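**Student:** Got target_2.cif for you, mmCIF, C-alpha atoms and all ligand atoms:
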data_protein
loop_
_atom_site.label_atom_id
_atom_site.label_comp_id
_atom_site.auth_asym_id
_atom_site.auth_seq_id
_atom_site.Cartn_x
_atom_site.Cartn_y
_atom_site.Cartn_z
CA MET A 1 81.45 89.55 100.09
CA GLU A 2 78.08 89.46 98.38
CA CYS A 3 77.45 92.07 95.76
CA THR A 4 74.22 91.88 93.82
CA THR A 5 74.40 91.84 90.05
CA GLN A 6 72.39 95.06 89.96
CA ALA A 7 74.90 97.83 89.37
CA SER A 8 72.86 100.30 91.35
CA ALA A 9 72.66 97.96 94.31
CA CYS A 10 76.39 97.26 94.01
CA PHE A 11 77.02 100.98 94.31
CA GLN A 12 75.05 101.47 97.50
CA ARG A 13 76.90 102.65 100.54
CA ASN A 14 75.19 100.12 102.82
CA ALA A 15 75.31 102.90 105.38
CA GLU A 16 73.07 101.00 107.78
CA HIS A 17 76.07 98.83 108.70
CA VAL A 18 78.52 101.71 109.36
CA ALA A 19 79.47 101.60 113.02
CA SER A 20 82.37 100.81 115.30
CA HIS A 21 82.79 97.04 115.60
CA ARG A 22 84.83 95.20 118.24
CA CYS A 23 86.61 92.33 116.44
CA THR A 24 88.80 89.44 117.54
CA VAL A 25 92.00 88.55 115.69
CA ALA A 26 91.48 85.11 114.14
CA GLU A 27 94.71 85.01 112.11
CA HIS A 28 97.68 87.36 111.74
CA ARG A 29 100.83 86.42 109.85
CA TRP A 30 103.58 87.74 107.61
CA VAL A 31 103.09 87.18 103.87
CA ASN A 32 106.58 88.45 102.98
CA ASP A 33 109.03 90.79 104.68
CA ARG A 34 106.80 93.87 104.23
CA TYR A 35 103.17 92.70 104.16
CA LYS A 36 100.98 91.11 106.81
CA TYR A 37 97.69 89.27 106.44
CA LEU A 38 95.07 89.95 109.13
CA ARG A 39 91.78 88.11 109.57
CA LEU A 40 89.25 89.48 112.04
CA SER A 41 86.18 87.86 113.48
CA ALA A 42 83.29 90.31 113.45
CA GLU A 43 79.54 90.17 113.86
CA ALA A 44 77.99 87.68 111.47
CA ASP A 45 76.35 90.12 109.09
CA LEU A 46 79.25 92.59 108.77
CA ALA A 47 81.37 90.60 106.32
CA GLY A 48 78.35 89.96 104.11
CA ALA A 49 77.59 93.67 104.01
CA THR A 50 81.05 94.65 102.80
CA ARG A 51 81.53 95.36 99.08
CA PRO A 52 84.65 95.33 96.86
CA GLY A 53 86.42 98.70 97.04
CA GLN A 54 85.14 99.61 100.51
CA PHE A 55 87.41 100.17 103.47
CA TYR A 56 87.46 100.25 107.25
CA GLN A 57 89.17 102.63 109.64
CA LEU A 58 91.34 100.50 111.93
CA LYS A 59 92.10 101.55 115.49
CA CYS A 60 95.67 100.30 115.59
CA PRO A 61 96.46 99.35 119.20
CA ALA A 62 99.01 101.38 121.16
CA THR A 63 102.18 99.58 122.20
CA SER A 64 104.81 100.60 124.78
CA ASP A 65 106.66 102.70 122.20
CA LEU A 66 104.05 103.36 119.48
CA GLN A 67 100.90 105.42 120.10
CA PRO A 68 99.03 105.86 116.81
CA PHE A 69 96.43 108.59 117.29
CA LEU A 70 94.28 108.54 114.17
CA LEU A 71 92.55 105.47 112.80
CA ARG A 72 94.18 104.05 109.65
CA PRO A 73 92.19 103.31 106.45
CA MET A 74 92.47 99.77 105.06
CA SER A 75 90.62 98.22 102.14
CA VAL A 76 88.85 94.97 102.69
CA TYR A 77 91.00 92.29 101.09
CA GLY A 78 88.31 89.62 101.41
CA VAL A 79 85.81 87.92 103.64
CA GLY A 80 85.71 84.40 105.02
CA PRO A 81 86.45 81.59 104.91
CA GLU A 82 84.17 81.38 107.97
CA ALA A 83 81.05 83.53 108.16
CA GLY A 84 81.72 86.85 109.83
CA THR A 85 85.45 87.10 109.16
CA ILE A 86 87.01 90.05 107.33
CA GLU A 87 90.47 89.99 105.79
CA PHE A 88 93.06 92.75 105.38
CA LEU A 89 96.44 92.72 103.66
CA TYR A 90 98.66 95.59 104.72
CA ASN A 91 102.09 97.06 104.24
CA VAL A 92 103.92 97.55 107.53
CA THR A 93 105.17 101.05 106.87
CA GLY A 94 104.79 103.58 109.72
CA VAL A 95 103.63 104.08 113.31
CA GLY A 96 100.10 102.74 112.90
CA THR A 97 100.86 99.65 110.86
CA HIS A 98 103.92 98.79 112.99
CA ALA A 99 101.70 98.94 116.08
CA LEU A 100 99.06 96.90 114.26
CA SER A 101 101.62 94.26 113.32
CA ALA A 102 102.11 93.47 117.03
CA LEU A 103 98.46 92.53 117.59
CA PRO A 104 98.31 88.91 118.77
CA VAL A 105 95.88 86.23 117.63
CA GLY A 106 92.99 86.29 120.11
CA GLY A 107 93.48 90.02 120.76
CA THR A 108 90.74 92.55 120.05
CA MET A 109 90.60 95.59 117.81
CA ASP A 110 87.93 98.16 116.93
CA ILE A 111 87.20 98.91 113.31
CA VAL A 112 84.80 101.48 111.83
CA GLY A 113 82.97 100.81 108.60
CA PRO A 114 82.28 99.62 106.02
CA LEU A 115 83.11 103.01 104.49
CA GLY A 116 83.09 104.49 101.02
CA ASN A 117 81.62 103.43 97.71
CA THR A 118 82.40 100.38 95.61
CA PHE A 119 83.71 99.29 92.25
CA VAL A 120 80.94 98.83 89.71
CA LEU A 121 80.72 95.41 88.07
CA GLU A 122 77.70 95.38 85.84
CA PRO A 123 75.69 92.43 84.59
CA GLY A 124 76.63 91.95 80.96
CA PHE A 125 80.34 92.59 81.45
CA THR A 126 82.36 89.86 79.74
CA ARG A 127 85.98 90.88 80.42
CA ILE A 128 87.58 93.33 82.81
CA MET A 129 91.15 94.55 83.18
CA VAL A 130 92.78 95.14 86.56
CA VAL A 131 96.08 97.00 86.81
CA ALA A 132 97.50 96.69 90.32
CA ARG A 133 100.58 97.85 92.12
CA GLY A 134 101.57 97.82 95.78
CA VAL A 135 98.70 98.06 98.24
CA GLY A 136 96.34 98.38 95.27
CA LEU A 137 96.51 94.63 95.13
CA ALA A 138 94.68 94.32 98.47
CA THR A 139 91.99 96.77 97.35
CA MET A 140 91.26 95.02 94.05
CA ALA A 141 91.54 91.36 95.12
CA PRO A 142 87.85 91.09 96.13
CA LEU A 143 86.86 92.49 92.74
CA LEU A 144 88.55 89.49 91.08
CA GLN A 145 86.61 87.10 93.30
CA HIS A 146 83.37 88.82 92.43
CA ALA A 147 84.18 88.82 88.69
CA ALA A 148 84.99 85.10 88.79
CA ARG A 149 81.68 84.32 90.52
CA ALA A 150 79.84 86.37 87.87
CA GLY A 151 81.63 84.53 85.02
CA VAL A 152 83.51 87.64 83.90
CA ALA A 153 86.96 87.03 82.36
CA VAL A 154 89.92 88.90 83.88
CA THR A 155 93.05 90.43 82.38
CA ALA A 156 95.41 91.14 85.29
CA VAL A 157 98.43 93.41 84.97
CA MET A 158 100.57 93.32 88.09
CA SER A 159 103.40 95.73 88.79
CA ALA A 160 106.02 95.40 91.53
CA ARG A 161 109.56 96.40 92.42
CA THR A 162 110.89 92.85 91.98
CA PRO A 163 109.43 89.37 91.31
CA GLY A 164 109.80 88.74 95.06
CA ASP A 165 107.49 91.67 95.84
CA LEU A 166 104.72 90.65 93.43
CA MET A 167 102.32 88.61 95.64
CA ARG A 168 100.71 87.03 92.57
CA ASP A 169 98.97 84.21 94.47
CA GLU A 170 97.72 86.64 97.13
CA PHE A 171 96.17 88.78 94.39
CA LEU A 172 94.59 86.10 92.21
CA ARG A 173 93.54 83.77 95.05
CA GLY A 174 92.76 81.03 92.52
CA VAL A 175 90.88 83.23 90.02
CA PRO A 176 91.78 82.24 86.44
CA ALA A 177 93.19 85.26 84.60
CA ASP A 178 95.34 86.35 81.69
CA VAL A 179 98.22 87.58 83.87
CA HIS A 180 100.99 90.00 82.85
CA CYS A 181 103.69 90.90 85.39
CA VAL A 182 106.02 93.90 85.14
CA TYR A 183 108.91 94.90 87.41
CA ASP A 184 111.00 97.93 88.28
CA SER A 185 114.02 95.65 88.49
CA ASP A 186 114.07 94.91 84.74
CA GLY A 187 112.48 98.17 83.55
CA SER A 188 109.28 96.47 82.31
CA SER A 189 107.17 98.59 84.71
CA SER A 190 108.35 101.92 83.28
CA VAL A 191 105.58 104.11 81.88
CA GLU A 192 106.95 103.64 78.36
CA ALA A 193 107.06 99.83 78.58
CA LEU A 194 103.70 99.62 80.35
CA GLU A 195 102.12 101.83 77.70
CA VAL A 196 103.14 99.36 74.99
CA LEU A 197 101.77 96.42 77.01
CA LEU A 198 98.46 98.07 77.94
CA ARG A 199 97.87 99.44 74.43
CA GLY A 200 98.38 95.94 73.03
CA LEU A 201 96.02 94.35 75.55
CA LEU A 202 93.31 96.97 75.03
CA GLN A 203 93.56 96.61 71.25
CA ALA A 204 93.69 92.80 71.26
CA ARG A 205 90.25 92.37 72.82
CA HIS A 206 87.41 94.35 74.28
CA HIS A 207 87.48 95.12 78.00
CA ASP A 208 84.29 96.52 79.53
CA VAL A 209 86.20 98.35 82.22
CA ALA A 210 89.77 98.87 83.39
CA TYR A 211 90.24 99.23 87.17
CA THR A 212 93.36 100.41 88.89
CA CYS A 213 94.72 101.18 92.34
CA GLY A 214 98.11 101.74 93.90
CA SER A 215 100.07 103.91 91.46
CA HIS A 216 99.53 107.51 90.37
CA ARG A 217 101.62 107.09 87.23
CA VAL A 218 99.64 104.00 86.18
CA LEU A 219 96.43 105.93 86.83
CA MET A 220 97.51 108.82 84.61
CA LEU A 221 98.73 106.42 81.91
CA LEU A 222 95.38 104.59 81.89
CA GLN A 223 93.53 107.90 81.78
CA ARG A 224 95.45 108.78 78.61
CA LEU A 225 95.11 105.34 76.98
CA LEU A 226 91.39 105.00 77.66
CA GLN A 227 90.74 108.17 75.64
CA ASP A 228 91.42 105.96 72.58
CA HIS A 229 89.00 103.28 73.91
CA PRO A 230 85.70 105.03 74.67
CA GLN A 231 83.94 101.65 74.97
CA THR A 232 86.14 100.78 77.96
CA ARG A 233 85.26 102.51 81.20
CA GLY A 234 87.88 103.24 83.82
CA GLU A 235 87.66 103.19 87.62
CA VAL A 236 90.32 103.98 90.19
CA ALA A 237 90.33 103.43 93.94
CA MET A 238 92.21 106.46 95.27
CA GLU A 239 94.55 106.17 98.22
CA GLN A 240 94.57 109.59 99.79
CA ARG A 241 95.85 110.33 103.27
CA MET A 242 92.78 110.77 105.44
CA ALA A 243 91.92 111.36 109.08
CA CYS A 244 88.28 110.72 109.98
CA GLY A 245 87.35 108.58 106.96
CA MET A 246 83.73 109.68 107.26
CA GLY A 247 83.59 112.92 105.33
CA VAL A 248 83.84 115.34 108.24
CA CYS A 249 87.46 116.51 108.45
CA LEU A 250 87.90 117.24 104.71
CA SER A 251 91.58 116.25 104.85
CA CYS A 252 91.25 113.90 101.87
CA VAL A 253 89.66 116.26 99.34
CA ARG A 254 90.96 116.10 95.78
CA MET A 255 89.94 117.90 92.64
CA PHE A 256 87.86 116.05 90.07
CA ASP A 257 86.58 117.12 86.67
CA LYS A 258 82.85 116.41 86.37
CA GLY A 259 82.33 117.10 82.67
CA GLY A 260 84.18 120.42 82.75
CA ASP A 261 82.94 121.34 86.22
CA LYS A 262 85.95 121.20 88.58
CA GLN A 263 84.90 120.02 92.04
CA PHE A 264 86.69 119.15 95.26
CA LEU A 265 85.40 115.79 96.48
CA ARG A 266 86.17 113.76 99.60
CA VAL A 267 87.98 110.56 98.73
CA CYS A 268 86.59 108.88 101.86
CA ARG A 269 82.97 109.80 101.24
CA GLU A 270 82.37 110.37 97.52
CA GLY A 271 85.04 107.73 96.83
CA PRO A 272 87.38 106.01 97.19
CA VAL A 273 86.33 104.71 93.73
CA PHE A 274 86.08 107.33 90.97
CA PRO A 275 85.83 107.26 87.17
CA ILE A 276 89.38 107.47 85.85
CA HIS A 277 88.54 110.26 83.40
CA GLU A 278 87.41 112.52 86.29
CA VAL A 279 90.75 112.49 88.09
CA VAL A 280 92.68 115.77 87.83
CA GLY A 281 96.37 114.89 87.85
CA GLU A 282 98.09 118.18 88.51
CA VAL A 283 96.41 121.05 90.31
CA GLU A 284 97.79 124.52 89.70
CA PHE A 285 96.97 127.08 92.37
CA GLY A 286 97.53 130.49 91.36
C1 LIG A 301 90.89 104.00 101.22
C2 LIG A 301 92.27 103.49 101.56
C3 LIG A 301 92.50 102.13 101.56
C4 LIG A 301 93.78 101.64 101.90
N1 LIG A 301 93.97 100.29 101.87
C5 LIG A 301 95.17 99.80 102.19
C6 LIG A 301 95.39 98.39 102.20
O1 LIG A 301 94.48 97.59 101.92
N2 LIG A 301 96.63 97.94 102.55
C7 LIG A 301 97.65 98.81 102.88
O2 LIG A 301 98.75 98.36 103.17
N3 LIG A 301 97.46 100.15 102.88
C8 LIG A 301 96.26 100.66 102.55
N4 LIG A 301 96.07 102.02 102.56
C9 LIG A 301 97.17 102.87 102.97
C10 LIG A 301 97.24 102.86 104.51
O3 LIG A 301 96.11 103.51 105.02
C11 LIG A 301 98.49 103.56 104.99
O4 LIG A 301 99.63 102.86 104.56
C12 LIG A 301 98.51 103.62 106.51
O5 LIG A 301 97.54 104.52 106.97
C13 LIG A 301 99.87 104.04 106.98
O6 LIG A 301 99.78 104.23 108.38
P1 LIG A 301 101.09 104.23 109.26
O7 LIG A 301 100.75 104.88 110.54
O8 LIG A 301 101.67 102.87 109.31
O9 LIG A 301 102.06 105.09 108.41
P2 LIG A 301 102.38 106.64 108.54
O10 LIG A 301 103.46 106.82 109.55
O11 LIG A 301 101.13 107.45 108.69
O12 LIG A 301 102.95 106.82 107.08
C14 LIG A 301 103.94 105.91 106.58
C15 LIG A 301 103.96 105.99 105.06
O13 LIG A 301 102.67 105.67 104.53
C16 LIG A 301 102.18 106.74 103.73
N5 LIG A 301 100.74 106.87 103.96
C17 LIG A 301 100.14 107.21 105.13
N6 LIG A 301 98.80 107.23 104.99
C18 LIG A 301 98.55 106.93 103.71
C19 LIG A 301 97.36 106.81 102.96
N7 LIG A 301 96.15 107.04 103.48
N8 LIG A 301 97.48 106.46 101.65
C20 LIG A 301 98.69 106.24 101.11
N9 LIG A 301 99.84 106.34 101.77
C21 LIG A 301 99.78 106.69 103.05
C22 LIG A 301 102.93 107.97 104.18
O14 LIG A 301 103.03 108.93 103.16
C23 LIG A 301 104.28 107.39 104.54
O15 LIG A 301 105.10 107.24 103.41
C24 LIG A 301 94.82 102.54 102.23
C25 LIG A 301 94.58 103.91 102.22
C26 LIG A 301 93.33 104.39 101.90
C27 LIG A 301 93.06 105.85 101.89
#
So that I can check it, write out the structure of this file as structure tokens.
**Tutor:**
Amino acid sequence: MECTTQASACFQRNAEHVASHRCTVAEHRWVNDRYKYLRLSAEADLAGATRPGQFYQLKCPATSDLQPFLLRPMSVYGVGPEAGTIEFLYNVTGVGTHALSALPVGGTMDIVGPLGNTFVLEPGFTRIMVVARGVGLATMAPLLQHAARAGVAVTAVMSARTPGDLMRDEFLRGVPADVHCVYDSDGSSSVEALEVLLRGLLQARHHDVAYTCGSHRVLMLLQRLLQDHPQTRGEVAMEQRMACGMGVCLSCVRMFDKGGDKQFLRVCREGPVFPIHEVVGEVEFG
């Protein structure tokens, strides 16, 4: 997953590669009792064109009892190890992902992408913070790889229901990091406890940017905390239910605050990565 050190280049949509791609399943296995790892063989240049934060629309195959209609959005979890392979890490949750979980090694699947924008990792960054929960882990894992290659230090805060749900190794994938784990099972992931932890980490040393994905309450907490740290930017990869994934159907619009100007933006097209301070938490219609 090459991403140039030029921020502007990193933010490109590499739209020239967006297309439907027929892929072959190179590897497909359970990681724990809820998540599966999927590695697809694609055309040689596709993996290299995919940037951290981007996603594909997966055409989950129909089975005898499951007929998913819409394509399902999945972040790219990584690329490699061979040239031309793209990795996904997904929660087996509903019709589409249950059907997907039955796909055999050697089978084929169509994917559309790469879609959406990317996280920004600028030259000159020295330390970043990532706060991940649930499927957010899959979305942010490539960012850690990219930071490590660029020599940027990482503070990783991981949140999960229990230690068994954490997937620490799957997230870090060998990247050295200052890791802090919090759990629902012992109360350490509550907003109150997490606020104490994040405040301490943000005060202890400078972070150029804090990224998050996977939890609305963590997003809103970070939005509040970063107001006291104007030198630390914030970015969130939003997970909004979406249909087409290409900006046409408008099913994934959300309201954002662009410097006082409230705008509805498409998570699939203008996002999925947005500045944390632009997210509008509660929308009142009235
Ligand atoms: C840009 C983007 C990237 C994503 N990346 C990943 C990823 O890397 N790994 C992963 O496991 N999941 C990811 N998701 C969520 C994933 O798309 C949904 O879990 C999936 O579409 C569910 O399909 P399903 O048919 O199995 O479930 P459904 O039967 O459609 O729904 C089952 C459950 O999943 C929830 N759900 C459905 N669609 C979404 C959605 N778009 N976002 C959040 N929750 C949803 C539903 O509310 C319901 O609780 C991503 C979503 C987006 C928008």
**Student:** Rank A:Arg173, A:Phe119, A:Cys60, A:Cys213 by their smallest atom-to-atom distance to Arg133 (chain A), using all atoms listed in the file, and report the top residue only.
**Tutor:**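 With all atoms listed in the file as the atom set, the closest residue is A:Cys213.
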**Student:** When the cut-off is 8 Å and you count only C-alpha atoms and all ligand atoms, which residues lie near ligand LIG 301 (chain A), shown as a PyMOL selection string?
**Tutor:** chain A and resi 35+54-56+68+71-77+88-99+116+134-139+237-242+267-268+272
**Student:** Please list as a PyMOL selection string every residue within 12 Å of Phe171 (chain A), counting only C-alpha atoms and excluding residues in the same chain fewer than 5 positions away.
**Tutor:** chain A and resi 31+77-78+89+130-145+156-159+165-166+176-177+179+181
**Student:** With distances taken over only C-alpha atoms, which residue among A:Ser188, A:Thr85, A:Asn117, A:Ser215 lies nearest Phe274 (chain A)?
**Tutor:**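 Comparing A:Ser188, A:Thr85, A:Asn117, A:Ser215 against Phe274 (chain A), the winner is A:Asn117.
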**Student:** Can you pull out the residues contacting region 260-262 of chain A? Cut-off 12 Å, using all atoms listed in the file, and skip same-chain residues under 4 positions away; I want them as a ChimeraX atom specification.
**Tutor:** /A:254-256,277-280,283
**Student:** Within 6 Å of region 120-129 of chain A, counting only C-alpha atoms, which residues qualify if same-chain residues fewer than 5 places away don't, as a PyMOL selection string?
**Tutor:** chain A and resi 5+7+152-156+207-210
**Student:** Report as a ChimeraX atom specification all protein, DNA and RNA residues lying within 8 Å of Glu43 (chain A), evaluated on only C-alpha atoms, omitting residues in the same chain fewer than 4 positions from it.
**Tutor:** /A:21,23,47,84
**Student:** Smallest atom-to-atom distance to Arg161 (chain A): which of A:Val273, A:Val182, A:Val248, A:Val253, using only C-alpha atoms?
**Tutor:**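 For Arg161 (chain A), the nearest of the candidates is A:Val182.
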**Student:** Have a look at A:Val18, A:Ala243, A:Ala150, A:Ala44 and name the one nearest to Lys59 (chain A); count all atoms listed in the file.
**Tutor:**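 So, comparing all the options, the nearest one is A:Ala243.
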**Student:** Write out as a PyMOL selection string which residues come within 12 Å of Glu192 (chain A) when counting all atoms listed in the file, dropping same-chain ones fewer than 6 positions away.
**Tutor:** chain A and resi 182+198-199+217-218+221
**Student:** Go ahead and compute the interatomic distance for CA of His206 (chain A) and CA of Asp178 (chain A), in Å to one decimal.
**Tutor:** 13.5 Å
